[in-house]
Each structure stands twice: as structure tokens, then as C-alpha cells.
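Here is data-v5.pdb, consisting of PDB, C-alpha atoms:
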```
ATOM      1  CA  MET K   1       0.000   0.000   0.000
ATOM      2  CA  ALA K   2       1.584   3.168  -1.138
ATOM      3  CA  ARG K   3       0.912   5.531   1.705
ATOM      4  CA  ALA K   4       3.604   7.987   0.689
ATOM      5  CA  VAL K   5       5.145   9.120  -2.579
ATOM      6  CA  VAL K   6       8.534  10.762  -2.983
ATOM      7  CA  THR K   7       9.835  12.363  -6.166
ATOM      8  CA  LEU K   8      13.504  13.180  -6.619
ATOM      9  CA  PRO K   9      16.083  12.778  -9.396
ATOM     10  CA  ALA K  10      17.718   9.325  -9.560
ATOM     11  CA  GLN K  11      21.126  10.849 -10.251
ATOM     12  CA  ALA K  12      22.807  14.193  -9.776
ATOM     13  CA  LYS K  13      26.153  15.950 -10.049
ATOM     14  CA  ARG K  14      28.174  16.415  -6.868
ATOM     15  CA  GLY K  15      27.224  19.649  -5.147
ATOM     16  CA  GLU K  16      24.044  20.092  -7.155
ATOM     17  CA  ILE K  17      20.927  21.236  -5.300
ATOM     18  CA  ILE K  18      18.134  18.753  -5.938
ATOM     19  CA  GLU K  19      14.405  19.320  -5.503
ATOM     20  CA  ILE K  20      12.463  16.772  -3.469
ATOM     21  CA  LYS K  21       8.688  16.528  -3.396
ATOM     22  CA  THR K  22       6.873  14.315  -0.910
ATOM     23  CA  LEU K  23       3.240  13.401  -0.478
ATOM     24  CA  ALA K  24       1.812  11.304   2.357
ATOM     25  CA  GLN K  25      -1.664   9.852   2.476
ATOM     26  CA  HIS K  26      -3.315  11.063   5.675
ATOM     27  CA  ALA K  27      -6.627  12.716   6.624
ATOM     28  CA  MET K  28      -4.938  15.171   9.067
ATOM     29  CA  GLU K  29      -8.004  15.267  11.340
ATOM     30  CA  THR K  30      -7.687  18.598  13.165
ATOM     31  CA  GLY K  31      -9.423  17.769  16.445
ATOM     32  CA  PHE K  32     -11.659  20.838  16.050
ATOM     33  CA  ARG K  33     -14.420  19.285  13.982
ATOM     34  CA  ARG K  34     -17.599  17.821  15.423
ATOM     35  CA  THR K  35     -19.910  15.072  14.284
ATOM     36  CA  GLN K  36     -23.586  15.695  13.613
ATOM     37  CA  THR K  37     -24.349  14.812  17.234
ATOM     38  CA  GLY K  38     -21.883  17.389  18.520
ATOM     39  CA  GLU K  39     -19.081  15.082  19.632
ATOM     40  CA  LEU K  40     -15.556  16.275  19.001
ATOM     41  CA  ILE K  41     -13.618  14.140  16.520
ATOM     42  CA  PRO K  42     -10.250  13.425  18.187
ATOM     43  CA  ARG K  43      -7.079  14.819  16.644
ATOM     44  CA  ASP K  44      -5.207  12.479  14.311
ATOM     45  CA  ILE K  45      -2.372  14.148  12.433
ATOM     46  CA  ILE K  46       1.169  13.557  11.219
ATOM     47  CA  ARG K  47       3.340  15.415  13.702
ATOM     48  CA  ARG K  48       6.809  15.162  12.231
ATOM     49  CA  PHE K  49       8.514  14.611   8.902
ATOM     50  CA  THR K  50      12.245  13.998   8.634
ATOM     51  CA  CYS K  51      14.589  13.531   5.704
ATOM     52  CA  THR K  52      17.950  11.900   6.361
ATOM     53  CA  TYR K  53      20.727  11.634   3.774
ATOM     54  CA  ASN K  54      23.002   8.636   4.454
ATOM     55  CA  GLY K  55      22.197   8.896   8.146
ATOM     56  CA  THR K  56      22.521  12.697   8.466
ATOM     57  CA  GLU K  57      19.355  14.662   9.091
ATOM     58  CA  VAL K  58      19.027  17.373   6.442
ATOM     59  CA  TYR K  59      15.442  18.577   6.836
ATOM     60  CA  ARG K  60      12.853  18.248   9.582
ATOM     61  CA  VAL K  61       9.302  19.554   9.657
ATOM     62  CA  ASP K  62       6.925  19.815  12.620
ATOM     63  CA  LEU K  63       3.360  19.692  11.356
ATOM     64  CA  HIS K  64       0.302  21.131  13.081
ATOM     65  CA  PRO K  65      -3.444  20.669  12.428
ATOM     66  CA  ALA K  66      -3.296  23.638  10.023
ATOM     67  CA  ILE K  67      -1.588  21.469   7.416
ATOM     68  CA  ALA K  68      -4.033  20.307   4.747
ATOM     69  CA  ALA K  69      -5.021  16.662   4.330
ATOM     70  CA  ASN K  70      -2.508  14.496   2.474
ATOM     71  CA  PRO K  71       0.448  16.695   3.422
ATOM     72  CA  MET K  72       2.699  17.741   0.566
ATOM     73  CA  ILE K  73       6.170  18.920   1.496
ATOM     74  CA  ALA K  74       8.611  20.167  -1.121
ATOM     75  CA  PHE K  75      12.175  21.170  -0.273
ATOM     76  CA  SER K  76      15.733  20.832  -1.512
ATOM     77  CA  THR K  77      19.030  19.294  -0.499
ATOM     78  CA  VAL K  78      22.615  19.196  -1.737
ATOM     79  CA  ALA K  79      23.668  16.003  -3.518
ATOM     80  CA  THR K  80      26.876  15.192  -1.650
ATOM     81  CA  GLU K  81      27.450  11.471  -2.217
ATOM     82  CA  SER K  82      25.805   8.353  -3.599
ATOM     83  CA  GLY K  83      23.596   6.502  -1.194
ATOM     84  CA  ALA K  84      20.069   6.649   0.069
ATOM     85  CA  LEU K  85      17.646   9.250   1.341
ATOM     86  CA  THR K  86      15.264   8.132   4.050
ATOM     87  CA  PHE K  87      11.948   9.882   4.533
ATOM     88  CA  GLN K  88       9.930   9.291   7.652
ATOM     89  CA  TRP K  89       6.486  10.493   8.707
ATOM     90  CA  VAL K  90       5.476  10.017  12.350
ATOM     91  CA  GLY K  91       2.037  10.845  13.696
ATOM     92  CA  ASP K  92      -0.729  10.257  16.218
ATOM     93  CA  ASN K  93      -2.051   6.750  16.938
ATOM     94  CA  GLY K  94       1.238   5.096  16.044
ATOM     95  CA  TYR K  95       1.319   6.291  12.439
ATOM     96  CA  THR K  96       4.764   5.674  10.947
ATOM     97  CA  VAL K  97       5.663   5.517   7.280
ATOM     98  CA  THR K  98       9.194   5.226   5.949
ATOM     99  CA  GLU K  99      10.282   5.602   2.344
ATOM    100  CA  ILE K 100      13.806   5.061   1.069
ATOM    101  CA  ALA K 101      15.024   6.447  -2.248
ATOM    102  CA  PRO K 102      18.442   5.701  -3.743
ATOM    103  CA  ILE K 103      20.529   8.418  -5.392
ATOM    104  CA  ARG K 104      23.625   8.223  -7.596
ATOM    105  CA  VAL K 105      26.033  11.138  -7.405
ATOM    106  CA  GLU K 106      28.781  11.594  -9.976
TER     107      GLU K 106
ATOM    108  CA  MET H   1     -34.334   9.144  17.412
ATOM    109  CA  THR H   2     -33.986  12.881  16.960
ATOM    110  CA  THR H   3     -36.767  14.962  18.404
ATOM    111  CA  ARG H   4     -38.033  18.031  16.614
ATOM    112  CA  ARG H   5     -36.437  20.283  19.259
ATOM    113  CA  GLU H   6     -32.999  18.652  18.907
ATOM    114  CA  PHE H   7     -33.232  18.920  15.164
ATOM    115  CA  LEU H   8     -34.016  22.617  15.314
ATOM    116  CA  VAL H   9     -31.114  23.264  17.702
ATOM    117  CA  LEU H  10     -28.706  21.386  15.427
ATOM    118  CA  ALA H  11     -29.986  23.110  12.316
ATOM    119  CA  ALA H  12     -29.635  26.513  13.956
ATOM    120  CA  ALA H  13     -26.092  25.677  15.089
ATOM    121  CA  ALA H  14     -25.142  24.502  11.609
ATOM    122  CA  LEU H  15     -26.496  27.670  10.045
ATOM    123  CA  ALA H  16     -24.964  29.918  12.666
ATOM    124  CA  ALA H  17     -21.477  28.343  12.630
ATOM    125  CA  PRO H  18     -19.940  29.995   9.520
ATOM    126  CA  THR H  19     -21.083  33.514  10.367
ATOM    127  CA  ALA H  20     -20.219  33.028  14.035
ATOM    128  CA  ASP H  21     -16.615  32.322  13.170
ATOM    129  CA  ALA H  22     -16.218  34.743  10.309
ATOM    130  CA  GLN H  23     -17.058  37.468  12.797
ATOM    131  CA  ILE H  24     -15.734  35.958  15.979
ATOM    132  CA  GLY H  25     -16.790  37.601  19.207
ATOM    133  CA  PRO H  26     -14.520  40.046  21.041
ATOM    134  CA  ASN H  27     -13.700  37.430  23.689
ATOM    135  CA  GLN H  28     -12.572  34.817  21.203
ATOM    136  CA  ALA H  29     -10.698  37.382  19.166
ATOM    137  CA  ALA H  30      -8.761  38.427  22.270
ATOM    138  CA  LEU H  31      -8.014  34.799  23.127
ATOM    139  CA  ARG H  32      -6.673  34.112  19.657
ATOM    140  CA  LYS H  33      -4.576  37.260  19.755
ATOM    141  CA  ALA H  34      -3.096  36.122  23.081
ATOM    142  CA  ALA H  35      -2.451  32.638  21.657
ATOM    143  CA  TYR H  36      -0.731  34.177  18.624
ATOM    144  CA  GLU H  37       1.472  36.363  20.779
ATOM    145  CA  ASP H  38       2.333  33.362  22.951
ATOM    146  CA  ALA H  39       3.330  31.337  19.900
ATOM    147  CA  LEU H  40       5.374  34.251  18.565
ATOM    148  CA  ARG H  41       7.186  34.575  21.897
ATOM    149  CA  LYS H  42       7.929  30.853  21.880
ATOM    150  CA  VAL H  43       9.529  31.174  18.442
ATOM    151  CA  VAL H  44      11.593  34.336  18.842
ATOM    152  CA  GLY H  45      11.978  34.699  22.604
ATOM    153  CA  GLY H  46      12.697  38.333  23.285
ATOM    154  CA  ALA H  47      14.610  38.915  20.045
ATOM    155  CA  GLN H  48      13.751  41.591  17.541
ATOM    156  CA  VAL H  49      12.145  40.449  14.292
ATOM    157  CA  ARG H  50      13.073  42.449  11.211
ATOM    158  CA  SER H  51      11.174  42.338   7.941
ATOM    159  CA  GLY H  52      13.010  41.277   4.810
ATOM    160  CA  ARG H  53      15.082  38.378   3.431
ATOM    161  CA  VAL H  54      12.024  36.101   3.725
ATOM    162  CA  LYS H  55       9.541  35.677   0.912
ATOM    163  CA  LEU H  56       6.152  34.197   1.781
ATOM    164  CA  GLN H  57       3.921  33.309  -1.134
ATOM    165  CA  LEU H  58       0.190  32.718  -0.799
ATOM    166  CA  PRO H  59      -2.658  33.379  -3.198
ATOM    167  CA  PRO H  60      -4.258  36.711  -2.138
ATOM    168  CA  LEU H  61      -7.797  35.432  -2.708
ATOM    169  CA  ILE H  62      -8.628  31.937  -1.521
ATOM    170  CA  ASP H  63     -11.818  30.132  -2.549
ATOM    171  CA  ASN H  64     -11.264  27.105  -0.346
ATOM    172  CA  GLY H  65      -9.380  27.468   2.911
ATOM    173  CA  ASN H  66      -9.010  23.708   3.292
ATOM    174  CA  SER H  67      -6.041  23.482   0.959
ATOM    175  CA  VAL H  68      -4.014  26.593   0.265
ATOM    176  CA  PRO H  69      -0.617  26.393  -1.462
ATOM    177  CA  LEU H  70       1.999  28.136   0.658
ATOM    178  CA  SER H  71       5.684  28.589  -0.055
ATOM    179  CA  VAL H  72       8.494  30.246   1.863
ATOM    180  CA  ALA H  73      11.932  31.103   0.513
ATOM    181  CA  VAL H  74      14.683  32.758   2.533
ATOM    182  CA  GLU H  75      17.653  34.610   1.073
ATOM    183  CA  SER H  76      20.751  32.991   2.499
ATOM    184  CA  PRO H  77      24.050  31.622   1.149
ATOM    185  CA  MET H  78      23.395  28.435   3.202
ATOM    186  CA  THR H  79      27.054  27.936   4.143
ATOM    187  CA  ASP H  80      28.319  26.512   7.439
ATOM    188  CA  ALA H  81      28.991  30.046   8.682
ATOM    189  CA  ASP H  82      25.787  31.672   7.481
ATOM    190  CA  HIS H  83      22.618  29.649   7.050
ATOM    191  CA  VAL H  84      18.972  29.470   8.030
ATOM    192  CA  LYS H  85      18.337  27.351  11.122
ATOM    193  CA  ALA H  86      14.563  27.364  11.217
ATOM    194  CA  ILE H  87      11.461  28.587   9.415
ATOM    195  CA  HIS H  88       8.159  29.039  11.231
ATOM    196  CA  VAL H  89       4.737  29.914   9.819
ATOM    197  CA  LEU H  90       2.115  31.460  12.128
ATOM    198  CA  THR H  91      -1.466  32.609  11.620
ATOM    199  CA  GLU H  92      -3.505  35.148  13.547
ATOM    200  CA  LYS H  93      -6.978  33.657  13.432
ATOM    201  CA  ASN H  94      -6.676  29.892  13.061
ATOM    202  CA  PRO H  95      -7.792  27.940  16.162
ATOM    203  CA  LEU H  96      -4.097  27.214  16.727
ATOM    204  CA  PRO H  97      -1.551  29.855  15.681
ATOM    205  CA  ASP H  98       1.182  27.386  14.655
ATOM    206  CA  VAL H  99       1.067  26.122  11.096
ATOM    207  CA  VAL H 100       4.438  24.562  10.411
ATOM    208  CA  SER H 101       7.999  24.656  11.767
ATOM    209  CA  VAL H 102      11.047  23.586   9.770
ATOM    210  CA  ARG H 103      14.560  22.801  11.010
ATOM    211  CA  LEU H 104      17.248  22.887   8.381
ATOM    212  CA  GLY H 105      20.919  23.606   7.825
ATOM    213  CA  PRO H 106      23.560  24.089   5.150
ATOM    214  CA  ARG H 107      22.826  20.601   3.807
ATOM    215  CA  ALA H 108      19.435  21.808   2.562
ATOM    216  CA  GLY H 109      21.187  23.890  -0.112
ATOM    217  CA  ARG H 110      18.326  26.372  -0.317
ATOM    218  CA  ALA H 111      16.185  27.626   2.519
ATOM    219  CA  SER H 112      12.775  26.862   1.099
ATOM    220  CA  LEU H 113       9.527  25.128   1.914
ATOM    221  CA  ALA H 114       6.404  24.447  -0.111
ATOM    222  CA  THR H 115       3.297  22.858   1.376
ATOM    223  CA  ARG H 116      -0.491  23.153   1.557
ATOM    224  CA  VAL H 117      -2.222  24.643   4.586
ATOM    225  CA  ARG H 118      -5.662  25.235   6.084
ATOM    226  CA  LEU H 119      -6.841  28.774   6.790
ATOM    227  CA  ALA H 120      -9.868  29.435   8.977
ATOM    228  CA  ASP H 121     -10.489  33.084   8.197
ATOM    229  CA  THR H 122      -9.482  36.196   6.318
ATOM    230  CA  GLN H 123      -6.256  37.079   8.099
ATOM    231  CA  THR H 124      -2.536  37.775   8.064
ATOM    232  CA  VAL H 125      -0.093  34.887   7.731
ATOM    233  CA  THR H 126       3.479  35.387   8.932
ATOM    234  CA  ALA H 127       6.661  33.468   8.112
ATOM    235  CA  ILE H 128       9.664  33.877  10.414
ATOM    236  CA  ALA H 129      13.186  32.657   9.671
ATOM    237  CA  GLN H 130      15.879  32.157  12.282
ATOM    238  CA  MET H 131      19.433  32.636  10.992
ATOM    239  CA  SER H 132      22.556  30.934  12.293
ATOM    240  CA  ASP H 133      23.730  34.255  13.787
ATOM    241  CA  GLY H 134      20.567  34.355  15.916
ATOM    242  CA  SER H 135      18.721  37.086  14.023
ATOM    243  CA  PHE H 136      15.086  36.761  12.994
ATOM    244  CA  TRP H 137      13.549  37.921   9.718
ATOM    245  CA  SER H 138       9.946  37.797   8.649
ATOM    246  CA  ASP H 139       7.417  38.373   5.902
ATOM    247  CA  SER H 140       3.631  38.600   6.106
ATOM    248  CA  ALA H 141       0.850  38.050   3.616
ATOM    249  CA  GLU H 142      -2.754  39.222   3.819
ATOM    250  CA  VAL H 143      -5.232  36.676   2.550
ATOM    251  CA  VAL H 144      -8.959  36.773   1.919
ATOM    252  CA  VAL H 145     -10.651  33.430   2.553
ATOM    253  CA  THR H 146     -14.102  32.802   1.073
ATOM    254  CA  LEU H 147     -14.744  29.267   2.341
ATOM    255  CA  SER H 148     -13.091  28.659   5.696
ATOM    256  CA  ALA H 149     -11.434  25.472   6.849
ATOM    257  CA  CYS H 150     -12.360  23.884  10.218
ATOM    258  CA  LEU H 151     -15.947  25.116   9.981
ATOM    259  CA  GLU H 152     -17.770  22.147   8.536
ATOM    260  CA  GLU H 153     -19.041  21.392  12.042
ATOM    261  CA  GLY H 154     -22.366  19.610  12.048
ATOM    262  CA  LEU H 155     -22.262  19.234   8.295
ATOM    263  CA  ILE H 156     -20.277  16.032   8.028
TER     264      ILE H 156
END
```

Please rewrite the model in this file as C-alpha cells.
Amino acid sequence: MARAVVTLPAQAKRGEIIEIKTLAQHAMETGFRRTQTGELIPRDIIRRFTCTYNGTEVYRVDLHPAIAANPMIAFSTVATESGALTFQWVGDNGYTVTEIAPIRVE
Amino acid sequence: MTTRREFLVLAAAALAAPTADAQIGPNQAALRKAAYEDALRKVVGGAQVRSGRVKLQLPPLIDNGNSVPLSVAVESPMTDADHVKAIHVLTEKNPLPDVVSVRLGPRAGRASLATRVRLADTQTVTAIAQMSDGSFWSDSAEVVVTLSACLEEGLI
């Protein structure tokens, strides 16, 4: 089940800044909405997104209920060496999704 | 089984909700202002925030506040000596002032962020960047929201 999609170039030149686009599948329930009978729907969001490049954290995002459903996060990083980028989404109710993308740097 | 009285109360609440929040009462407005100032203090401490170097992009007129494209770019060489440490986005009138906080460093290459946010009302959105030398820079954008997020109470 693809719960997250990551787009980035498969190869890059050393020192090049690459664009990364990520999309996770999640309702991002705010905790402010009510059902028809007036009961509050409990909060259920992704709280943190991290991107690590060969074990080094390069980008970290703290998300709040004001992030739209199916959070899209686009950012950039410097292609330093060949290896793998790990993307992790962690949220309420034990939500954890990890995606790994390889990259070749020349 | 829903009685006629319950139904009328619910219907009235559903009808009243959008207008009630678009023109929030003085009490709630003050509370949200206090919450915003609290959040701002948490981000910058006592430091001075100067305007400039940050570019916050949002559409000026928003039809649907449930998904609004937002992007922030900060002018910085992003070297070890001079880079952006954090980017924060705050709103004045959302139920919670915090929208998103980013931690980054020279490895990011460019200090930028693009995402989609929810906006509850016509308001000012502020992006604040913290530099490696400890200074804070910001940019604000005024937005007009036609259909608010977080207000579909009783309608789902």
C-alpha cells in the first residue's frame, strides 16, 4: 500500500541542489471538527517529517493541524554522495511511514 | 431518534457556525490574539524580528481554505557560517496559531519550503526565519478566505 510518494532525481552531479517533493496519504483530522451529534472528533495528524541523507538529518518539519489533508512537502538538499535518502512520517495513533530512495552522485 | 427540538437546535447551530466564526466575538478574538502572541514569543523569545530576506507566497484570494498552497523562501548563502536554522509559519486567526515549523541547515542547499495549509479566516499569515547568527527575519501576507477550513461542524 503506497501511503507515501517521494519524487527526486535518480542521479545528480556532486554539489548540485536537488528538488524533493513528498506526499503522504493522511486525513490530518484537526481535532476541532464535530460530528452531527456534537461530539468532538479526536485529533489524528502527522506530527513530524524527517529527511535523512546517508544517516545525516538534512530537513525536519513539525506539522500542526493547520496542514491540509494528504500533506505535501517540497524542499531541496545538496547532492553530496551516492547513497540513500530516508523519509519518515510520524504521527498520532502510532502512524509511521518510511520511504527510502536511492541516489547516484557523480 | 432525533426529536423536533434537537433537530431545530442542530440546524440553527449549523447555520450559525460559519457567520459566528467569520465574525468571531470580542472574547474569542482576544483569546486568539493572546495565543498568537504566545506562539510568537515561543519562536523568537525576546529577540527583535526584522522584515526582509524572507519571501512568503500565498494566493491573495482563496476560494477554499481547506487546501491553500503556501511557499516560503529565505535569502541565504546556506554555508556553514551563514545559514537558516529554522522557518516558522504562524497565523492570527486559526484555532491554533502554529502552522508549520522547519529545522534545516547548510545541507538543505536552499532555505525553502512548499506545502499546503488550512486557513480558517481572512487574516494575516506570517513566516519567520531564524538565521545561524541568531537574528530573525519575517514576511507577512494578507489573505482573503471565502470558504473557511475547520468550519464544517455539524455538516459532516

*So which residues get picked by the PyMOL selection byres ((chain H and resi 98) around 8) here, written as a PyMOL selection string?*
(chain K and resi 64+66) or (chain H and resi 39+88-91+96-97+99-101)

*Can you check which residues of chain H have any atom within 6 Å of chain K? Use all atoms listed in the file and format it as a ChimeraX atom specification.*
/H:67,99-104,107-109,112-118,153-154

_Given the PyMOL selection byres ((chain H and resi 57) around 7) and the file above, list the residues it selects as an MDAnalysis selection string._
chainID H and resid 55:56 58:59 70:72

_Interatomic distance, atom CA of H:Glu37 to atom CA of H:His83 (Å, one decimal)_ =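 Atom-to-atom, atom CA of H:Glu37 and atom CA of H:His83 are spaced 26.1 Å apart.
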
*What does the distance from atom CA of H:Leu31 to atom CA of H:Thr126 come to in Å, to one decimal?*
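Spanning atom CA of H:Leu31 to atom CA of H:Thr126 is a straight-line distance of 18.3 Å.
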
*Which residues, written as a list in words, have at least one atom at most 9 Å from stretch 3-6 of chain K, with all atoms listed in the file counted and residues fewer than 2 positions away on the same chain left out?*
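Those residues are Met1, Leu8, Ile20, Lys21, Thr22, Leu23, Ala24, Gln25, His26, Phe87, Trp89, Val97, Thr98, Glu99, Ile100 and Ala101 of chain K.
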
*Which value, in Å to one decimal, gives the distance between atom CA of H:Gly46 and atom CA of H:Thr124?*
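Atom-to-atom, atom CA of H:Gly46 to atom CA of H:Thr124, that is 21.5 Å.
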
*Taking all atoms listed in the file into account, which of H:Arg53, H:Arg4, H:Lys93, H:Arg41 comes nearest H:Asp121?*
H:Lys93

_List the spatial neighbours of K:Ala12 as a list in words - criterion: any atom at most 7 Å away, all atoms listed in the file, same-chain residues fewer than 6 positions off excluded._
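Surrounding residues, per the criterion: Ala79, Arg104, Val105 and Glu106 of chain K.
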
*asked:* On this structure, the PyMOL selection byres ((chain K and resi 91) around 8) would catch which residues? List them as a list of chain:residue names, sorted by chain and number.
replied: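 Applying the expression gives K:Asp44, K:Ile45, K:Ile46, K:Arg47, K:Arg48, K:Trp89, K:Val90, K:Asp92, K:Asn93, K:Gly94, K:Tyr95, K:Thr96.
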
*Show which residues sit within 6 Å of H:Ala120, as JSON, numbers by chain. Count all atoms listed in the file, and ignore same-chain residues fewer than 4 positions away.*
{"H": [94, 148, 149]}

*Please provide the set of residues having any atom within 7 Å of K:Gly83, restricted to only C-alpha atoms, with same-chain residues fewer than 3 positions apart removed, written as a list in words.*
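The residues that qualify are Asn54, Pro102, Ile103 and Arg104 of chain K.
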
*Using all atoms listed in the file, find the one residue out of K:Pro9, K:Met28, K:Arg14, K:Gly55 that sits nearest to K:Ser82.*
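Comparing K:Pro9, K:Met28, K:Arg14, K:Gly55 against K:Ser82, the winner is K:Arg14.
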
Please rebuild stretch 110-124 of chain H with N, CA and C atoms and give the result as a JSON list (two decimals), keeping the file's coordinate frame.
```
[["chain", "number", "residue", "atom", "x", "y", "z"],
["H", 110, "ARG", "N", 19.16, 25.18, -0.20],
["H", 110, "ARG", "CA", 18.33, 26.37, -0.32],
["H", 110, "ARG", "C", 17.39, 26.38, 0.87],
["H", 111, "ALA", "N", 17.14, 27.55, 1.41],
["H", 111, "ALA", "CA", 16.18, 27.63, 2.52],
["H", 111, "ALA", "C", 14.80, 27.82, 1.94],
["H", 112, "SER", "N", 14.10, 26.74, 1.70],
["H", 112, "SER", "CA", 12.78, 26.86, 1.10],
["H", 112, "SER", "C", 11.84, 25.79, 1.64],
["H", 113, "LEU", "N", 10.57, 26.06, 1.50],
["H", 113, "LEU", "CA", 9.53, 25.13, 1.91],
["H", 113, "LEU", "C", 8.31, 25.39, 1.05],
["H", 114, "ALA", "N", 7.69, 24.32, 0.58],
["H", 114, "ALA", "CA", 6.40, 24.45, -0.11],
["H", 114, "ALA", "C", 5.48, 23.39, 0.46],
["H", 115, "THR", "N", 4.27, 23.80, 0.82],
["H", 115, "THR", "CA", 3.30, 22.86, 1.38],
["H", 115, "THR", "C", 1.89, 23.38, 1.12],
["H", 116, "ARG", "N", 0.90, 22.70, 1.68],
["H", 116, "ARG", "CA", -0.49, 23.15, 1.56],
["H", 116, "ARG", "C", -1.06, 23.28, 2.95],
["H", 117, "VAL", "N", -1.74, 24.39, 3.23],
["H", 117, "VAL", "CA", -2.22, 24.64, 4.59],
["H", 117, "VAL", "C", -3.73, 24.87, 4.63],
["H", 118, "ARG", "N", -4.25, 24.91, 5.85],
["H", 118, "ARG", "CA", -5.66, 25.24, 6.08],
["H", 118, "ARG", "C", -5.73, 26.62, 6.69],
["H", 119, "LEU", "N", -6.67, 27.44, 6.22],
["H", 119, "LEU", "CA", -6.84, 28.77, 6.79],
["H", 119, "LEU", "C", -8.30, 28.95, 7.18],
["H", 120, "ALA", "N", -8.51, 29.39, 8.44],
["H", 120, "ALA", "CA", -9.87, 29.44, 8.98],
["H", 120, "ALA", "C", -10.58, 30.75, 8.70],
["H", 121, "ASP", "N", -9.85, 31.78, 8.31],
["H", 121, "ASP", "CA", -10.49, 33.08, 8.20],
["H", 121, "ASP", "C", -9.63, 34.02, 7.36],
["H", 122, "THR", "N", -10.23, 35.13, 6.96],
["H", 122, "THR", "CA", -9.48, 36.20, 6.32],
["H", 122, "THR", "C", -8.51, 36.76, 7.36],
["H", 123, "GLN", "N", -7.23, 36.75, 7.06],
["H", 123, "GLN", "CA", -6.26, 37.08, 8.10],
["H", 123, "GLN", "C", -4.87, 37.35, 7.53],
["H", 124, "THR", "N", -3.93, 37.58, 8.44],
["H", 124, "THR", "CA", -2.54, 37.78, 8.06],
["H", 124, "THR", "C", -1.74, 36.54, 8.44]]
```
